[in-house]
Structures are given as C-alpha cells and as structure tokens.
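Text of the file entry22.txt, holding compact mmCIF, C-alpha atoms:
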```
# COMPACT_ATOMS: atom_id res chain seq x y z
CA MET A 1 9.86 -64.46 -6.71
CA ILE A 2 13.45 -64.43 -7.87
CA ARG A 3 15.71 -67.38 -7.08
CA PRO A 4 18.39 -67.11 -5.94
CA PRO A 5 17.89 -63.62 -4.51
CA GLN A 6 21.64 -62.92 -4.72
CA GLY A 7 24.60 -64.30 -6.66
CA PRO A 8 27.89 -63.60 -8.49
CA LEU A 9 28.48 -63.14 -12.22
CA GLY A 10 27.37 -66.21 -14.11
CA THR A 11 24.37 -66.81 -11.85
CA LYS A 12 21.18 -67.87 -13.63
CA PHE A 13 18.37 -66.04 -11.85
CA THR A 14 14.90 -67.61 -12.19
CA LEU A 15 12.17 -64.98 -12.49
CA MET A 16 8.70 -66.24 -11.53
CA GLY A 17 5.39 -64.42 -11.51
CA THR A 18 1.89 -65.37 -10.38
CA GLY A 19 -1.46 -63.57 -10.51
CA PHE A 20 -1.37 -62.79 -14.22
CA LYS A 21 -4.42 -63.38 -16.37
CA PRO A 22 -4.54 -66.82 -18.08
CA GLY A 23 -2.88 -66.54 -21.49
CA GLU A 24 -1.62 -63.01 -20.81
CA THR A 25 1.59 -62.19 -22.67
CA VAL A 26 4.18 -61.07 -20.11
CA THR A 27 7.49 -59.33 -20.82
CA PHE A 28 10.24 -59.15 -18.21
CA GLN A 29 12.52 -56.12 -18.15
CA VAL A 30 15.75 -56.08 -16.09
CA LEU A 31 16.90 -52.63 -14.95
CA PHE A 32 20.59 -52.36 -14.04
CA PRO A 33 21.77 -50.65 -10.82
CA ASP A 34 23.73 -48.23 -13.01
CA LEU A 35 21.03 -46.49 -15.05
CA ALA A 36 23.64 -45.67 -17.72
CA HIS A 37 23.14 -49.30 -18.87
CA ALA A 38 20.12 -49.76 -21.10
CA PRO A 39 17.54 -52.12 -19.56
CA PHE A 40 17.41 -55.71 -20.79
CA SER A 41 14.04 -56.74 -22.23
CA GLY A 42 13.43 -60.44 -22.64
CA GLN A 43 11.22 -62.40 -25.00
CA PRO A 44 7.48 -62.34 -24.20
CA HIS A 45 6.04 -65.35 -22.31
CA LYS A 46 2.44 -66.60 -22.08
CA ALA A 47 0.96 -67.00 -18.60
CA THR A 48 -0.33 -70.49 -17.81
CA PRO A 49 -4.05 -71.17 -17.18
CA ASP A 50 -3.40 -70.50 -13.48
CA GLY A 51 -1.71 -67.14 -14.24
CA ALA A 52 1.93 -68.16 -13.69
CA VAL A 53 4.91 -67.20 -15.84
CA GLN A 54 8.62 -68.00 -15.52
CA THR A 55 11.90 -67.23 -17.29
CA THR A 56 15.60 -66.89 -16.49
CA TYR A 57 18.19 -64.12 -16.61
CA THR A 58 21.90 -64.92 -16.56
CA ALA A 59 24.28 -62.27 -15.22
CA THR A 60 27.19 -61.98 -17.65
CA THR A 61 30.48 -60.12 -17.85
CA GLY A 62 29.77 -56.41 -17.99
CA ASN A 63 26.87 -56.59 -15.53
CA PRO A 64 27.78 -54.28 -12.62
CA ASN A 65 27.36 -55.39 -9.01
CA GLY A 66 24.35 -54.01 -7.18
CA THR A 67 20.59 -54.30 -6.88
CA TYR A 68 18.69 -55.02 -10.09
CA THR A 69 14.97 -54.35 -10.53
CA VAL A 70 12.91 -56.78 -12.57
CA LYS A 71 9.59 -55.56 -13.98
CA ALA A 72 6.99 -57.94 -15.38
CA THR A 73 4.39 -56.32 -17.62
CA GLY A 74 1.42 -58.13 -19.10
CA ASP A 75 -0.46 -57.11 -22.24
CA MET A 76 -3.75 -57.17 -20.29
CA GLY A 77 -2.57 -54.56 -17.77
CA THR A 78 -1.09 -56.78 -15.06
CA GLU A 79 2.26 -55.69 -13.62
CA GLY A 80 4.71 -56.72 -10.92
CA GLN A 81 8.29 -56.14 -9.91
CA ASN A 82 11.03 -57.50 -7.66
CA THR A 83 14.78 -57.18 -7.12
CA PHE A 84 17.86 -59.36 -7.02
CA VAL A 85 21.43 -58.59 -6.00
CA LEU A 86 24.46 -59.24 -8.16
CA GLY A 87 27.67 -59.53 -6.14
CA SER A 88 28.11 -59.79 -2.41
CA THR A 89 28.85 -56.23 -1.27
CA GLY A 90 27.33 -52.81 -1.50
CA ALA A 91 23.73 -53.93 -1.96
CA THR A 92 20.87 -55.18 0.13
CA THR A 93 19.17 -58.54 -0.21
CA ALA A 94 16.23 -58.94 -2.54
CA SER A 95 12.66 -58.48 -1.47
CA SER A 96 10.62 -61.63 -1.03
CA ALA A 97 7.77 -60.91 -3.44
CA VAL A 98 6.54 -58.24 -5.79
CA ARG A 99 3.03 -56.94 -5.66
CA SER A 100 1.48 -54.94 -8.45
CA THR A 101 -1.44 -52.59 -8.52
CA THR A 102 -3.51 -55.42 -10.00
CA THR A 103 -2.47 -57.98 -7.35
CA PRO A 104 -0.17 -60.42 -9.18
CA THR A 105 3.19 -61.14 -7.68
CA THR A 106 6.53 -61.77 -9.28
CA ARG A 107 8.19 -64.28 -7.05
```

Entire entry expressed as structure tokens:
Amino acid sequence: MIRPPQGPLGTKFTLMGTGFKPGETVTFQVLFPDLAHAPFSGQPHKATPDGAVQTTYTATTGNPNGTYTVKATGDMGTEGQNTFVLGSTGATTASSAVRSTTTPTTR
C-alpha cells in the first residue's frame, strides 16, 4: 500500500509491504514516469517477524508529475509493486495493492 496514493511535490509517501519472509531484506526502487530519470533505490529494510516492511519516499524538486512505480524486492525472492501519482493532472490514481508472484503485497 502507498499512502497517500497521490500528492504534490513535497509529499512524503509511505511505502508499506506485507507478505515478505520474516527477516527478509527488502529494497524499494522508485521508477519515475519519465524513464530518462534514473530510478531511485532506497536503503534496504528488514521485514518484521510477520513479514511487514515500511519506508518513506519524499517527492522533491525535479521529480516530474505522473505515475510512479514502486518495486519492492526481497533477498529471499519475494517481490511486489504498486504505484503513486505525483501532481494532480495527467495521471491516474494509484492501485490499491500490489501482488507479487510469491503473494506478498506492497500496500
């Protein structure tokens, strides 16, 4: 889940994932709507004993408006993804949850 699903520059988006393996190291990658921008890769995070992981991403000056894709990749093979929208025009609202091939969700 990503909260809020949409916001202007300066918004702190909370990226949350569930369904990861306990203790799995998860890295979040933020892909910009303009693929000319290199993706942002955050610090790795350890999943809790119940398989949850959470971090934040703050949209700063230079981030273009549009739909961003967030990918969460665990070192034990678990993956998930979701989207958020930066700005108020020209993009659709974010999906409600991300499902991976190994069943965790990024919510």

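If you measure from each of A:Ala59, A:Ile2, A:Leu86, A:Leu31 to A:Gly17 using only C-alpha atoms, the closest one turns out to be A:Ile2.
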
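Taking atom CA of A:Gly74 and atom CA of A:Met1 as the two end points, the separation is 16.3 Å.
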
With distances taken over all atoms listed in the file, the candidate from A:Asn63, A:Thr14, A:Gln29, A:Thr78 nearest A:Pro44 is A:Gln29

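The closest residue to A:Val26, picked from A:Gly77, A:Pro49, A:Gly62, A:Pro8 and counting only C-alpha atoms, is A:Gly77.
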
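Here atom CA of A:Phe20 stands at a distance of 4.4 Å from atom CA of A:Gly51.
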